[in-house]
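Reviewing the structure listed below.
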Amino acid sequence: MTLTRTLVSALCLALATPAVAQDYTADTVLARVGDKEITLGHVALMVSQLPDQYRQLPDEALLDGIVDQLIDQELLAAELEAEGEVPGTVALTLENERRALMARATVEEMMGAALDEADVQARYDETIGAAPAEIEYNASHILVETEEEADTILADLEAGADFAEVAQEKSTGPSGPNGGLLGWFGAGAMVPAFDAAVQEMEVGALAGPVETQFGWHVILLNETRETAKPTLDESRAGIEQTLRGEALEAHLEGLRGENALEDLRADVPAAAIRDLSIFE
């Protein structure tokens, strides 16, 4: 197979032509309204904050629509500024937004900071590695309506009756046809009375009658096992988030101690926060 002369020339040209450098920045001006500039940075931030259904529009449509919107906003804002007084609600909203944006930037910087691996390992060892292994239980039960029925069944089982056969014959629970087998479950997975009884049993032992909202149970504990602990890698994301959150809380506590704070909220009734007449 041979390449045509045109294809060879095209490939050579592509290899010889350097990639086009990015010739724009966040400061690239897209429009001016008087002495106010609307930049690519303004538009890009607005695009990034749009709902998904709008972000899926073609780039050209978004560029034109947002630049036009910003021009209109600037014209209207300039008209208000020309009147010489910014409404109180606007000024307070700007203060709130500035405060929130600056605080968010600080939090994002702290939450993205690198952590000492030794601290991550130590927290894993402390909270997961040193914690006792959790136990899972494999049990079967026979569920009947009255305590007397449960007493009779328990006596029959202690006398040698086969648990699975009795469960298939007499249990009213959905596990009856399966010989009463409940399978594996952890502590707290069952209703409290049943759960407490199982946790006190020895493997192979019977317990009952145990009353729950479902009726009366006779229980057989088949097996127990320890659950595998999550590894450091499996736990890393949660541990790192916790450590960063603690660092942020400590940082805030430090800032509160280093700065002069005066708390006067007790001087104002709490219901005042809903009173919009304060802006009249």
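Convention: chains lettered A, B, ... in structure tokens order; per-chain residue numbering from 1; ligands numbered from 1 as shown.
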**OP:** Name the residues in contact with region 140-145 of chain A at a cut-off of 9 Å, using only C-alpha atoms, excluding same-chain residues fewer than 4 positions from it; report them as a ChimeraX atom specification.
**Re:** /A:149-150,153,163-164,166-168,170-173,175-176,179-183,214-222
**OP:** Pick out the residues sitting within 8 Å of Leu243 (chain A), and hand them over as a list in words; count only C-alpha atoms, and ignore anything fewer than 4 positions along from it in its own chain.
**Re:**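 Here the answer would be Val120, Ile239 and Ala247 of chain A.
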Could the residues in this selection be saved with N, CA and C atoms as a PDB file, in the first residue's frame?
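Saved as selection_22.pdb:
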ATOM      1  N   VAL A 120      -1.784  10.365  58.502  1.00  0.00           N
ATOM      2  CA  VAL A 120      -2.840   9.518  57.946  1.00  0.00           C
ATOM      3  C   VAL A 120      -2.721   8.107  58.519  1.00  0.00           C
ATOM      4  N   ILE A 239     -10.405   9.370  55.997  1.00  0.00           N
ATOM      5  CA  ILE A 239      -9.444   9.832  56.998  1.00  0.00           C
ATOM      6  C   ILE A 239      -8.891  11.196  56.618  1.00  0.00           C
ATOM      7  N   ALA A 247      -8.219  20.221  60.947  1.00  0.00           N
ATOM      8  CA  ALA A 247      -7.259  21.311  60.780  1.00  0.00           C
ATOM      9  C   ALA A 247      -7.978  22.635  60.558  1.00  0.00           C
TER      10      ALA A 247
END
Original post:
Out of region 6-237 of chain A, which residues get alpha helix (DSSP H) from DSSP, as a VMD selection string?
Top reply: chain A and resid 6 to 16 40 to 48 52 to 55 59 to 82 88 to 111 117 to 124 147 to 158 163 to 170 192 to 199 232 to 237
What does the file look like for those residues with C-alpha atoms, as a compact mmCIF listing (two decimals), in the first residue's frame?
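What ended up in part16.txt:
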# COMPACT_ATOMS: atom_id res chain seq x y z
CA THR A 6 -1.14 14.73 -1.43
CA LEU A 7 -1.34 12.69 1.78
CA VAL A 8 2.44 12.65 2.19
CA SER A 9 2.55 16.44 1.75
CA ALA A 10 -0.24 16.90 4.28
CA LEU A 11 1.52 14.73 6.84
CA CYS A 12 4.81 16.57 6.37
CA LEU A 13 3.06 19.91 6.75
CA ALA A 14 1.33 18.76 9.93
CA LEU A 15 4.59 17.57 11.44
CA ALA A 16 6.41 20.76 10.50
CA LEU A 40 -12.92 36.19 29.14
CA GLY A 41 -12.50 35.44 32.84
CA HIS A 42 -15.89 36.98 33.62
CA VAL A 43 -17.56 34.88 30.95
CA ALA A 44 -15.74 31.62 31.76
CA LEU A 45 -16.73 31.84 35.42
CA MET A 46 -20.36 32.39 34.49
CA VAL A 47 -20.28 29.40 32.13
CA SER A 48 -18.78 27.20 34.85
CA ASP A 52 -25.92 21.49 33.00
CA GLN A 53 -28.71 22.03 30.48
CA TYR A 54 -27.31 25.46 29.60
CA ARG A 55 -23.66 24.37 29.60
CA ASP A 59 -19.91 27.62 22.67
CA GLU A 60 -20.77 30.35 20.19
CA ALA A 61 -24.28 30.70 21.61
CA LEU A 62 -22.98 30.83 25.18
CA LEU A 63 -20.29 33.38 24.30
CA ASP A 64 -22.74 35.71 22.56
CA GLY A 65 -25.50 35.30 25.12
CA ILE A 66 -23.34 35.85 28.18
CA VAL A 67 -21.37 38.79 26.75
CA ASP A 68 -24.64 40.47 25.81
CA GLN A 69 -26.02 39.78 29.28
CA LEU A 70 -22.93 41.25 30.95
CA ILE A 71 -23.09 44.33 28.73
CA ASP A 72 -26.73 44.86 29.71
CA GLN A 73 -25.92 44.35 33.38
CA GLU A 74 -23.05 46.81 33.22
CA LEU A 75 -25.25 49.44 31.58
CA LEU A 76 -27.93 49.04 34.24
CA ALA A 77 -25.38 49.00 37.06
CA ALA A 78 -23.74 52.17 35.73
CA GLU A 79 -27.12 53.86 35.66
CA LEU A 80 -27.66 53.02 39.33
CA GLU A 81 -24.15 54.15 40.28
CA ALA A 82 -24.75 57.45 38.46
CA GLY A 88 -28.70 49.10 51.17
CA THR A 89 -29.82 45.62 50.16
CA VAL A 90 -27.44 45.65 47.20
CA ALA A 91 -24.50 46.81 49.31
CA LEU A 92 -25.19 44.17 51.97
CA THR A 93 -25.59 41.44 49.34
CA LEU A 94 -22.25 42.39 47.81
CA GLU A 95 -20.62 42.22 51.24
CA ASN A 96 -22.16 38.81 51.90
CA GLU A 97 -21.05 37.45 48.53
CA ARG A 98 -17.52 38.83 48.87
CA ARG A 99 -17.22 37.36 52.37
CA ALA A 100 -18.51 33.97 51.24
CA LEU A 101 -16.26 33.81 48.17
CA MET A 102 -13.14 34.77 50.11
CA ALA A 103 -13.93 32.28 52.88
CA ARG A 104 -14.63 29.52 50.35
CA ALA A 105 -11.32 30.14 48.63
CA THR A 106 -9.51 29.82 51.96
CA VAL A 107 -11.37 26.61 52.83
CA GLU A 108 -10.67 25.09 49.41
CA GLU A 109 -6.98 25.88 49.79
CA MET A 110 -6.83 24.26 53.23
CA MET A 111 -8.87 21.21 52.20
CA GLU A 117 1.44 10.41 55.46
CA ALA A 118 2.49 9.64 59.02
CA ASP A 119 -0.58 11.49 60.29
CA VAL A 120 -2.84 9.52 57.95
CA GLN A 121 -1.29 6.23 59.06
CA ALA A 122 -1.55 7.19 62.73
CA ARG A 123 -5.24 8.04 62.42
CA TYR A 124 -5.91 4.76 60.60
CA GLU A 147 -44.87 -18.44 73.78
CA GLU A 148 -46.40 -21.85 74.51
CA GLU A 149 -45.73 -23.01 70.94
CA ALA A 150 -42.15 -21.76 71.21
CA ASP A 151 -41.64 -23.59 74.53
CA THR A 152 -42.87 -26.84 73.01
CA ILE A 153 -40.62 -26.46 69.95
CA LEU A 154 -37.60 -25.66 72.12
CA ALA A 155 -38.21 -28.78 74.19
CA ASP A 156 -38.49 -30.91 71.04
CA LEU A 157 -35.23 -29.50 69.69
CA GLU A 158 -33.42 -30.09 72.98
CA PHE A 163 -34.07 -27.77 63.55
CA ALA A 164 -34.47 -27.35 59.79
CA GLU A 165 -37.28 -29.91 59.59
CA VAL A 166 -39.18 -28.28 62.49
CA ALA A 167 -38.71 -24.84 60.91
CA GLN A 168 -40.09 -26.06 57.58
CA GLU A 169 -43.07 -27.58 59.33
CA LYS A 170 -43.96 -24.96 61.95
CA PRO A 192 -33.19 -5.41 69.42
CA ALA A 193 -34.48 -8.43 71.37
CA PHE A 194 -33.38 -10.87 68.67
CA ASP A 195 -30.05 -9.10 68.24
CA ALA A 196 -29.31 -9.15 71.98
CA ALA A 197 -30.11 -12.85 72.25
CA VAL A 198 -27.84 -13.80 69.34
CA GLN A 199 -24.90 -11.81 70.70
CA LEU A 232 -5.60 2.07 54.70
CA ASP A 233 -6.18 2.72 51.00
CA GLU A 234 -9.88 1.91 51.35
CA SER A 235 -10.13 4.27 54.33
CA ARG A 236 -7.83 7.01 53.04
CA ALA A 237 -10.44 9.37 51.57
**OP:** Please measure the separation of CA of Glu223 (chain A) and CA of Tyr137 (chain A), giving the value in Å to one decimal.
**Re:**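 Separating CA of Glu223 (chain A) from CA of Tyr137 (chain A) is a distance of 6.1 Å.
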**OP:** May I ask for the distance between CA of Gly186 (chain A) and CA of Ile135 (chain A), given in Å to one decimal place?
**Re:** 6.5 Å
Subject >> Those of region 103-142 of chain A in DSSP strand (DSSP E or B), formatted as a PyMOL selection string >> reply: chain A and resi 135-142
Original post:
What does the distance from CA of Asn138 (chain A) to CA of Ala161 (chain A) come to in Å, to one decimal?
Top reply: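 Straight-line distance from CA of Asn138 (chain A) to CA of Ala161 (chain A) works out to 20.0 Å.
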Original post:
Closest to Glu226 (chain A) among A:Ala26, A:Leu261, A:Ala187, A:Leu248, using only C-alpha atoms?
Top reply: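 Smallest distance to Glu226 (chain A) is found for A:Ala187.
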**OP:** Would you please work out which residue, of A:Glu83, A:Ile278, A:Arg256, A:Leu206, is nearest to Gly160 (chain A) when using only C-alpha atoms?
**Re:** A:Leu206
